[in-house]
Each structure stands twice: as structure tokens, then as C-alpha cells.
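Here the structure comes first, spelled out in C-alpha cells, and everything after it is commentary.
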Amino acid sequence: MTSATTATARRGGPIVGLLVVLWVCGLIAAATWWMGIGLRQWSVSYGDASGEVADLRRRATLALLTFVLVAVAGPVLVALVAYHLRLFRTAIVFLVLAVGLAVPALPIAVHAGRDLKPAPAPTAPGPPGHCVEHSGGDTRCPGG
């Protein structure tokens, strides 16, 4: 190991450590936000505010997506910075961690993304798909 590589590794250790601490703090903040919304949903579910329940469900979905994003993006960022600082083993460890977290996070994100899409607008009622008897004794189906 050259002296330049050793100096970079010494300088990089605290930077990577700080990024890991920020990542963990971000996870705790997102989880706390999600749990707070969940508790609010629980208290509102005993009332008559159905509109507020729908709003809280949307906010809970956004909080879950934020948690999943922080959980996966944090290790990726740490791996990139560690690689740039020539901390190759640390970069590999965090890259493997990111892939390991992305595997369960992807289905969660897809499911949460479906919850965020607005419901399709109701369509206008069309003609009935069956024969409707008209008043006046006519038993013929309209149109044939």
C-alpha cells in the first residue's frame, strides 16, 4: 500500500462512518414518521372521518416509500463514496447490503406505488347487457 492510498483510507474512514450514521438516522426518522401516521390512522379509525382515513393512508404509503428509498439508497451512496475513497472492501460490503435490501424492497415499493395511483374515474352507465322489458306489454328486446 502506498502512502497516498494509506492517507486516503485514513481520511475516508470518518467520512464513511458519518455517512453510515446519517443513513441510520434517516431510517429512524422515516420509520418514526411511518409509525406516527399509523398511530394516527388507528385513532381516526374509531371516528366518522372517512376522508381523513384516506388521506392518512396516502401519507402512510408515502412514508413507507420514503423508508424503502432511504434503506436502499443509503448503502448505495456509502458504497460509491467508499469506492471513490479507495476503500474497496467497504464498498463491496455496502453494495452487497444494498442488493440484499433491494430484493425485499422492490415488491414493497411496487405495491405501495399501486396504492398511490388514483382510482379510475367511474364510467357512465351504458346500455344493459340483457333484455329489458318495456311497458305496454311489448316483450321484444330493443334492437332485435
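By order in the C-alpha cells, chains are A, B, ...; within a chain, residues start at 1; ligands start at 1, following the order shown.
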
Practice task
Please provide the set of residues having any atom within 9 Å of A:Leu95, restricted to only C-alpha atoms, with same-chain residues fewer than 2 positions apart removed, written as a ChimeraX atom specification.
Solution key: /A:75-76,78-80,90-93,97-100

Exercise for the section: Extract, using only C-alpha atoms, all DNA, RNA and protein residues at most 12 Å from A:Val20, discarding same-chain residues fewer than 6 positions from it, and format them as a list in words. Expected result: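 Skipping anything fewer than 6 positions along the chain leaves Gly13, Pro14, Gly26, Leu27, Val70, Ala71, Ala73, Gly74, Pro75, Val76, Leu77, Val78, Ala79, Val81, Ala82, Thr90 and Phe94 of chain A.
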
Expected file contents, prior selection, all heavy atoms, as a CSV table (one decimal), in the first residue's frame:
```csv
chain,number,residue,atom,x,y,z
A,13,GLY,N,-12.2,6.9,6.3
A,13,GLY,CA,-12.9,6.2,7.3
A,13,GLY,C,-13.9,7.0,8.1
A,13,GLY,O,-15.1,6.6,8.2
A,14,PRO,N,-13.6,8.2,8.5
A,14,PRO,CA,-14.6,9.1,9.2
A,14,PRO,C,-15.7,9.5,8.3
A,14,PRO,O,-16.8,9.7,8.7
A,14,PRO,CB,-13.8,10.3,9.7
A,14,PRO,CG,-12.4,9.8,9.8
A,14,PRO,CD,-12.2,8.8,8.7
A,26,GLY,N,-31.6,8.6,9.1
A,26,GLY,CA,-32.6,8.7,8.1
A,26,GLY,C,-33.6,7.5,8.2
A,26,GLY,O,-34.8,7.7,8.1
A,27,LEU,N,-33.1,6.3,8.4
A,27,LEU,CA,-34.0,5.2,8.6
A,27,LEU,C,-34.9,5.3,9.8
A,27,LEU,O,-36.1,5.1,9.8
A,27,LEU,CB,-33.2,3.9,8.7
A,27,LEU,CG,-32.6,3.3,7.5
A,27,LEU,CD1,-31.7,2.1,7.8
A,27,LEU,CD2,-33.7,2.9,6.5
A,70,VAL,N,-34.8,5.3,1.4
A,70,VAL,CA,-33.6,5.6,2.3
A,70,VAL,C,-32.9,4.3,2.6
A,70,VAL,O,-31.6,4.2,2.6
A,70,VAL,CB,-34.1,6.2,3.6
A,70,VAL,CG1,-33.0,6.3,4.6
A,70,VAL,CG2,-34.6,7.6,3.3
A,71,ALA,N,-33.6,3.2,2.8
A,71,ALA,CA,-33.0,1.9,3.1
A,71,ALA,C,-32.1,1.4,2.0
A,71,ALA,O,-31.0,0.8,2.3
A,71,ALA,CB,-34.1,0.8,3.5
A,73,ALA,N,-31.1,3.4,-0.9
A,73,ALA,CA,-30.2,4.4,-1.4
A,73,ALA,C,-29.0,4.7,-0.5
A,73,ALA,O,-27.9,5.1,-0.9
A,73,ALA,CB,-30.9,5.7,-1.7
A,74,GLY,N,-29.2,4.6,0.8
A,74,GLY,CA,-28.1,4.8,1.8
A,74,GLY,C,-26.9,3.9,1.5
A,74,GLY,O,-25.8,4.5,1.4
A,75,PRO,N,-27.0,2.6,1.5
A,75,PRO,CA,-25.9,1.8,1.2
A,75,PRO,C,-25.2,2.0,-0.1
A,75,PRO,O,-24.0,1.9,-0.3
A,75,PRO,CB,-26.4,0.3,1.4
A,75,PRO,CG,-27.6,0.5,2.2
A,75,PRO,CD,-28.2,1.8,1.9
A,76,VAL,N,-26.1,2.3,-1.1
A,76,VAL,CA,-25.5,2.6,-2.5
A,76,VAL,C,-24.6,3.8,-2.4
A,76,VAL,O,-23.5,3.8,-2.9
A,76,VAL,CB,-26.7,2.8,-3.5
A,76,VAL,CG1,-26.1,3.3,-4.8
A,76,VAL,CG2,-27.4,1.5,-3.7
A,77,LEU,N,-25.1,4.9,-1.7
A,77,LEU,CA,-24.3,6.1,-1.6
A,77,LEU,C,-23.0,5.8,-0.8
A,77,LEU,O,-21.9,6.3,-1.2
A,77,LEU,CB,-25.1,7.2,-0.9
A,77,LEU,CG,-24.4,8.5,-0.6
A,77,LEU,CD1,-24.1,9.2,-2.0
A,77,LEU,CD2,-25.2,9.4,0.2
A,78,VAL,N,-23.1,5.1,0.3
A,78,VAL,CA,-21.9,4.7,1.1
A,78,VAL,C,-20.9,3.9,0.2
A,78,VAL,O,-19.7,4.2,0.2
A,78,VAL,CB,-22.3,4.0,2.3
A,78,VAL,CG1,-21.0,3.5,3.1
A,78,VAL,CG2,-23.1,4.9,3.3
A,79,ALA,N,-21.4,3.0,-0.6
A,79,ALA,CA,-20.6,2.2,-1.4
A,79,ALA,C,-19.9,3.0,-2.5
A,79,ALA,O,-18.7,2.8,-2.7
A,79,ALA,CB,-21.4,1.1,-2.1
A,81,VAL,N,-19.2,6.3,-2.3
A,81,VAL,CA,-18.2,7.2,-1.7
A,81,VAL,C,-17.0,6.3,-1.2
A,81,VAL,O,-15.8,6.7,-1.4
A,81,VAL,CB,-18.8,7.9,-0.5
A,81,VAL,CG1,-17.7,8.6,0.4
A,81,VAL,CG2,-19.8,8.9,-1.0
A,82,ALA,N,-17.2,5.1,-0.7
A,82,ALA,CA,-16.1,4.3,-0.3
A,82,ALA,C,-15.3,3.8,-1.4
A,82,ALA,O,-14.0,3.8,-1.3
A,82,ALA,CB,-16.7,3.0,0.5
A,90,THR,N,-15.0,-2.0,1.9
A,90,THR,CA,-16.1,-1.4,2.4
A,90,THR,C,-17.2,-1.1,1.3
A,90,THR,O,-18.4,-1.3,1.6
A,90,THR,CB,-15.7,0.0,3.1
A,90,THR,OG1,-14.7,-0.3,4.0
A,90,THR,CG2,-16.9,0.7,3.7
A,94,PHE,N,-21.0,-2.7,1.4
A,94,PHE,CA,-22.3,-1.9,1.3
A,94,PHE,C,-23.0,-2.1,0.0
A,94,PHE,O,-24.2,-2.0,-0.1
A,94,PHE,CB,-21.9,-0.4,1.5
A,94,PHE,CG,-21.8,0.0,2.9
A,94,PHE,CD1,-20.6,0.0,3.6
A,94,PHE,CD2,-23.0,0.2,3.7
A,94,PHE,CE1,-20.5,0.3,4.9
A,94,PHE,CE2,-22.9,0.5,5.0
A,94,PHE,CZ,-21.7,0.6,5.7
```

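With distances restricted to only C-alpha atoms, A:Ile37 is the closest residue to A:Glu52 from A:Leu65, A:Leu19, A:Ile37, A:Val24.
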
Problem - Residue neighbourhood A:Ala30, 7 Å, only C-alpha atoms, exclusion window fewer than 6 positions, as an NGL selection string - result: :A and (63 or 66-67)

Practice task
With a distance cut-off of 8 Å and only C-alpha atoms, select the neighbouring residues of A:Ala109, excluding the residue or stretch itself and same-chain residues fewer than 3 positions from it, and output the selection as an MDAnalysis selection string.
Solution key: chainID A and resid 65 68 105:106 112:113

Practice task
Quote the spacing between atom CA of A:Cys25 and atom CA of A:Leu39 in Å to one decimal place.
Solution key: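 If I compute the distance from atom CA of A:Cys25 to atom CA of A:Leu39, I get 20.9 Å.
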
Handout entry: Among listed residues A:Ala54, A:Leu85, A:Ala60, A:Leu101, nearest A:Trp33 (using only C-alpha atoms)
Key = A:Ala60

Fill in the blank from the handout: Pairwise distance, atom CA of A:Asp115 with atom CA of A:Val53, equals 13.7 Å

Problem - Proximity to A:Gly12 - best of A:Ala31, A:Val44, A:Leu87, A:Ala102, only C-alpha atoms - result: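 Comparing A:Ala31, A:Val44, A:Leu87, A:Ala102 against A:Gly12, the winner is A:Leu87.
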
Handout entry: For atom CA of A:Arg114 and atom CA of A:Leu64, the interatomic separation in Å (one decimal)
Key = 12.7 Å
